[in-house]
>>> print(open('upload16.txt').read())   # compact mmCIF, C-alpha atoms
# COMPACT_ATOMS: atom_id res chain seq x y z
CA MET C 54 163.99 -130.99 -69.16
CA GLU C 55 163.83 -133.99 -71.50
CA LYS C 56 166.05 -135.72 -74.04
CA GLU C 57 165.46 -138.12 -76.93
CA LEU C 58 168.30 -140.63 -77.16
CA GLU C 59 169.07 -143.54 -79.44
CA GLY C 60 171.44 -146.47 -78.98
CA LYS C 61 171.80 -150.24 -78.61
CA SER C 62 171.57 -150.62 -74.84
CA LEU C 63 168.99 -149.26 -72.41
CA ASP C 64 171.54 -149.14 -69.60
CA GLN C 65 173.85 -147.05 -71.80
CA LEU C 66 171.04 -144.65 -72.69
CA VAL C 67 170.06 -144.22 -69.03
CA GLU C 68 173.67 -143.38 -68.19
CA VAL C 69 173.83 -140.79 -70.98
CA ALA C 70 170.48 -139.30 -69.93
CA CYS C 71 171.70 -138.90 -66.35
CA GLN C 72 174.84 -137.13 -67.53
CA GLU C 73 172.98 -134.74 -69.81
CA LEU C 74 170.14 -134.00 -67.38
CA GLY C 75 172.34 -133.90 -64.30
CA CYS C 76 170.48 -136.46 -62.21
CA VAL C 77 170.59 -140.04 -60.93
CA PRO C 78 168.63 -142.94 -62.50
CA GLU C 79 166.01 -142.86 -59.72
CA ASP C 80 165.01 -139.32 -60.82
CA LEU C 81 164.30 -140.33 -64.43
CA GLU C 82 161.06 -141.10 -66.23
CA LEU C 83 161.62 -143.17 -69.39
CA GLU C 84 159.39 -143.59 -72.43
CA ILE C 85 160.34 -146.21 -75.01
CA LEU C 86 159.78 -144.66 -78.44
CA GLU C 87 161.23 -147.47 -80.54
CA PHE C 88 162.68 -150.93 -80.00
CA SER C 89 163.72 -153.09 -82.93
CA THR C 90 166.21 -155.72 -84.00
CA SER C 91 167.72 -156.22 -87.43
CA PRO C 92 170.07 -158.78 -89.05
CA GLY C 93 173.70 -157.78 -88.84
CA LEU C 94 177.03 -158.96 -90.17
CA LEU C 95 177.70 -162.70 -89.90
CA GLY C 96 174.10 -163.30 -88.92
CA ILE C 97 174.42 -161.45 -85.61
CA SER C 98 171.33 -159.36 -84.93
CA GLY C 99 171.59 -155.71 -83.93
CA LYS C 100 169.37 -153.72 -81.60
CA LYS C 101 167.99 -150.22 -81.94
CA ILE C 102 166.49 -148.50 -78.92
CA LYS C 103 165.08 -144.99 -78.91
CA ILE C 104 163.87 -143.42 -75.66
CA LYS C 105 162.61 -140.14 -74.28
CA ALA C 106 164.06 -139.38 -70.85
CA ARG C 107 162.86 -136.66 -68.50
CA ILE C 108 163.35 -135.77 -64.86
CA LYS C 109 160.37 -136.69 -62.66
CA PRO C 110 158.07 -133.69 -61.97
CA ASP C 111 158.48 -134.06 -58.19
CA LYS C 112 162.24 -133.77 -58.51
CA VAL C 113 162.06 -130.72 -60.82
CA LEU C 114 159.53 -128.88 -58.68
CA SER C 115 161.14 -129.64 -55.33
CA GLU C 116 164.56 -128.48 -56.54
CA ARG C 117 163.13 -125.17 -57.78
CA ALA C 118 161.11 -124.78 -54.59
CA ASN C 119 164.23 -125.21 -52.44
CA HIS C 120 166.15 -122.56 -54.39
CA ALA C 121 163.18 -120.18 -54.22
CA LEU C 122 162.79 -120.64 -50.45
CA MET C 123 166.49 -120.01 -49.83
CA PHE C 124 166.30 -116.73 -51.74
CA LEU C 125 163.03 -115.64 -50.12
CA LYS C 126 164.29 -116.32 -46.60
CA GLU C 127 167.39 -114.20 -47.24
CA VAL C 128 165.32 -111.31 -48.58
CA LEU C 129 162.68 -111.47 -45.84
CA ASN C 130 165.30 -111.71 -43.08
CA TYR C 131 167.26 -108.81 -44.54
CA ALA C 132 164.09 -106.69 -44.72
CA ASP C 133 163.10 -107.82 -41.18
CA LEU C 134 159.67 -108.95 -42.40
CA LYS C 135 157.75 -111.46 -40.28
CA ILE C 136 156.42 -113.70 -43.03
CA GLU C 137 156.07 -117.49 -42.98
CA THR C 138 156.20 -119.67 -46.11
CA LYS C 139 154.46 -122.90 -47.10
CA THR C 140 155.12 -124.73 -50.37
CA ASN C 141 152.74 -126.57 -52.70
CA LEU C 142 154.09 -128.52 -55.67
CA LEU C 143 151.42 -128.30 -58.38
CA LYS C 144 152.27 -131.19 -60.71
CA ASP C 145 149.17 -130.70 -62.85
CA LYS C 146 150.21 -127.11 -63.66
CA MET C 147 153.96 -127.75 -63.30
CA GLN C 148 154.23 -124.80 -60.93
CA VAL C 149 155.65 -124.15 -57.49
CA GLU C 150 153.18 -122.28 -55.30
CA ILE C 151 154.58 -120.58 -52.20
CA LEU C 152 151.96 -119.38 -49.73
CA LEU C 153 152.90 -116.38 -47.60
CA SER C 154 151.39 -115.69 -44.19
CA GLY C 155 152.11 -113.49 -41.18
CA GLU C 156 151.57 -109.98 -39.94
CA ASP C 157 153.93 -108.36 -42.46
CA VAL C 158 152.32 -109.79 -45.61
CA LYS C 159 150.34 -106.53 -45.70
CA TYR C 160 153.45 -104.70 -46.90
CA LEU C 161 153.65 -106.91 -50.00
CA ILE C 162 150.05 -106.37 -51.11
CA GLN C 163 149.95 -102.59 -51.09
CA ASN C 164 149.34 -100.60 -54.29
CA GLY C 165 147.70 -103.47 -56.15
CA ALA C 166 150.29 -105.96 -54.84
CA GLU C 167 153.14 -104.31 -56.77
CA PRO C 168 155.76 -105.30 -54.11
CA LEU C 169 154.57 -108.92 -54.31
CA SER C 170 154.78 -108.93 -58.12
CA ALA C 171 158.32 -107.53 -57.96
CA LEU C 172 159.39 -110.16 -55.40
CA GLU C 173 157.87 -112.95 -57.53
CA PHE C 174 159.73 -111.67 -60.60
CA LEU C 175 163.06 -111.58 -58.73
CA THR C 176 162.51 -115.05 -57.27
CA ASN C 177 161.92 -116.54 -60.72
CA LYS C 178 164.99 -114.73 -62.08
CA VAL C 179 167.23 -116.07 -59.32
CA VAL C 180 165.94 -119.65 -59.71
CA ALA C 181 166.24 -119.52 -63.51
CA ARG C 182 169.81 -118.29 -63.24
CA ALA C 183 170.69 -121.19 -60.93
CA LEU C 184 168.71 -123.98 -62.62
CA GLY C 185 167.78 -122.69 -66.07
CA VAL C 186 164.33 -121.81 -67.37
CA GLY C 187 161.64 -124.10 -66.00
CA PRO C 188 158.40 -124.26 -63.99
CA LYS C 189 157.21 -120.93 -62.64
CA ILE C 190 157.36 -119.90 -58.99
CA VAL C 191 154.08 -118.30 -57.87
CA LEU C 192 153.87 -116.28 -54.63
CA LYS C 193 150.43 -116.07 -53.04
CA PRO C 194 149.35 -114.47 -49.75
CA GLU C 195 147.41 -117.13 -47.88
CA GLY C 196 143.68 -116.42 -47.76
CA ILE C 197 143.82 -113.42 -50.12
CA ASP C 198 142.72 -113.44 -53.76
CA ILE C 199 145.33 -111.16 -55.31
CA GLU C 200 143.99 -111.47 -58.85
CA ARG C 201 140.53 -110.38 -57.69
CA GLU C 202 142.03 -107.41 -55.87
CA LYS C 203 144.05 -106.38 -58.93
CA LYS C 204 140.85 -106.43 -60.99
CA LEU C 205 139.14 -104.35 -58.31
CA VAL C 206 141.91 -101.73 -58.36
CA ASN C 207 141.75 -101.53 -62.16
CA ALA C 208 137.95 -101.21 -62.04
CA VAL C 209 138.17 -98.30 -59.58
CA LYS C 210 140.79 -96.54 -61.72
CA ARG C 211 138.60 -96.92 -64.82
CA ALA C 212 135.58 -95.61 -62.92
CA ILE C 213 137.56 -92.56 -61.76
CA GLU C 214 138.61 -91.78 -65.33
CA LYS C 215 135.00 -92.08 -66.57
CA ILE C 216 133.76 -89.70 -63.88
CA LYS C 217 136.44 -87.17 -64.77
CA ASN C 218 135.50 -87.40 -68.45
CA ASN C 219 131.68 -87.34 -68.33
CA LYS C 220 130.81 -86.53 -64.67
CA GLU C 221 128.41 -89.50 -64.51
CA PRO C 222 128.22 -91.64 -61.31
CA GLN C 223 129.92 -95.05 -61.28
CA VAL C 224 129.20 -98.14 -59.15
CA ILE C 225 131.84 -100.49 -57.70
CA LYS C 226 130.69 -103.76 -56.10
CA ILE C 227 132.61 -104.91 -53.01
CA GLY C 228 132.45 -108.21 -51.13
CA SER C 229 134.40 -107.58 -47.93
CA GLN C 230 135.74 -104.97 -45.53
CA ARG C 231 139.18 -105.44 -47.07
CA GLU C 232 137.86 -104.66 -50.57
CA GLN C 233 136.09 -101.61 -49.14
CA ARG C 234 139.38 -100.35 -47.68
CA ILE C 235 141.12 -100.84 -51.03
CA VAL C 236 138.48 -98.76 -52.82
CA LEU C 237 138.45 -95.98 -50.19
CA ASN C 238 142.26 -95.75 -50.16
CA LEU C 239 142.20 -95.12 -53.90
CA LEU C 240 139.42 -92.53 -53.60
CA ARG C 241 141.23 -90.55 -50.89
CA GLN C 242 143.70 -89.47 -53.56
CA GLU C 243 140.90 -87.83 -55.61
CA GLU C 244 139.75 -84.41 -54.34
CA ASN C 245 136.85 -84.02 -56.79
CA ILE C 246 135.29 -87.46 -56.38
CA GLY C 247 132.87 -88.28 -53.58
CA TYR C 248 131.27 -91.56 -52.61
CA ILE C 249 128.56 -93.27 -50.59
CA ILE C 250 128.38 -96.90 -49.48
CA GLU C 251 125.13 -98.84 -49.84
CA GLY C 252 124.04 -102.39 -48.95
CA GLU C 253 125.20 -104.99 -46.46
CA GLY C 254 127.61 -107.94 -46.52
CA LYS C 255 128.49 -109.15 -50.00
CA GLN C 256 125.79 -106.91 -51.50
CA ARG C 257 127.66 -103.72 -50.65
CA ARG C 258 128.59 -101.25 -53.33
CA VAL C 259 130.40 -97.94 -53.50
CA ILE C 260 128.75 -95.23 -55.61
CA LEU C 261 131.25 -92.71 -56.95
CA SER C 262 130.18 -89.23 -58.05
CA TRP C 263 131.72 -85.94 -59.19
CA LYS C 264 132.04 -83.13 -56.63
CA GLU C 265 131.79 -79.59 -58.01
>>> encode(input="upload16.txt", output="structure tokens")
Amino acid sequence: MEKELEGKSLDQLVEVACQELGCVPEDLELEILEFSTSPGLLGISGKKIKIKARIKPDKVLSERANHALMFLKEVLNYADLKIETKTNLLKDKMQVEILLSGEDVKYLIQNGAEPLSALEFLTNKVVARALGVGPKIVLKPEGIDIEREKKLVNAVKRAIEKIKNNKEPQVIKIGSQREQRIVLNLLRQEENIGYIIEGEGKQRRVILSWKE
């Protein structure tokens, strides 16, 4: 995404940078690394200019976002999923964040959001194949903390294994009805593990125990 170039004319270097980076001058950010003059033949001075040229972050991110949205719309239309997209260009992280919303987002966040992770992986692959390796595309369901839910799923799985090994009760803290559903869905698959729910609001917890 950036090139160091050396020559005698800034205009010439800008032209070369545009050719090598595949952009127009308006999309470039330039940093002058070196500028000097030295005596030449017959007393004519010579110039030396060294620059670092890169494509502006907005241009890089928006181009990757457009490719990602084209791919996502094709996939979602083909799967007949009612999901809307909204894009955020995160220049501080150099990432493209695509927020997903709509009634069918629920299908992407099942089983610890495995379908969402697979779709994110494919989106990045498609964009990288078209534009080369660059800023990451991140897919996020709007209003849902996927990373927190992944940690919750892993915590429940660890608790289940501990109960099976030593038969001692385990406690899982939950902060919402959605988190409670996630925990109970995992426990329904375990015939020998029972549970009770204690507390109210964000103070709720699920106590897991072994059933003889």
>>> closest_residue(input="upload16.txt", among="C:Arg241, C:Arg182, C:Lys146, C:Lys215", to="Leu114 in chain C", atoms="all atoms listed in the file")
C:Lys146
>>> atom_distance(input="upload16.txt", atom1="CA of Cys71 in chain C", atom2="CA of Asp111 in chain C")
16.3 Å
>>> closest_residue(input="upload16.txt", among="C:Glu57, C:Glu251, C:Glu195, C:Glu73", to="Ile85 in chain C", atoms="all atoms listed in the file")
C:Glu57
>>> residues_around(input="upload16.txt", residues="Glu244 in chain C", least_positions_apart="6", cutoff="12 Å", atoms="only C-alpha atoms", output="JSON, numbers by chain")
{"C": [213, 217, 262, 263, 264, 265]}
>>> write_last_selection(input="upload16.txt", atoms="C-alpha atoms", output="mmCIF file, keeping the file's coordinate frame")
data_model
loop_
_atom_site.group_PDB
_atom_site.id
_atom_site.type_symbol
_atom_site.label_atom_id
_atom_site.label_comp_id
_atom_site.auth_asym_id
_atom_site.auth_seq_id
_atom_site.Cartn_x
_atom_site.Cartn_y
_atom_site.Cartn_z
ATOM 1 C CA ILE C 213 137.560 -92.560 -61.760
ATOM 2 C CA LYS C 217 136.440 -87.170 -64.770
ATOM 3 C CA SER C 262 130.180 -89.230 -58.050
ATOM 4 C CA TRP C 263 131.720 -85.940 -59.190
ATOM 5 C CA LYS C 264 132.040 -83.130 -56.630
ATOM 6 C CA GLU C 265 131.790 -79.590 -58.010
#
>>> closest_residue(input="upload16.txt", among="C:Glu116, C:Glu156, C:Asp145, C:Glu79", to="Asp133 in chain C", atoms="all atoms listed in the file")
C:Glu156
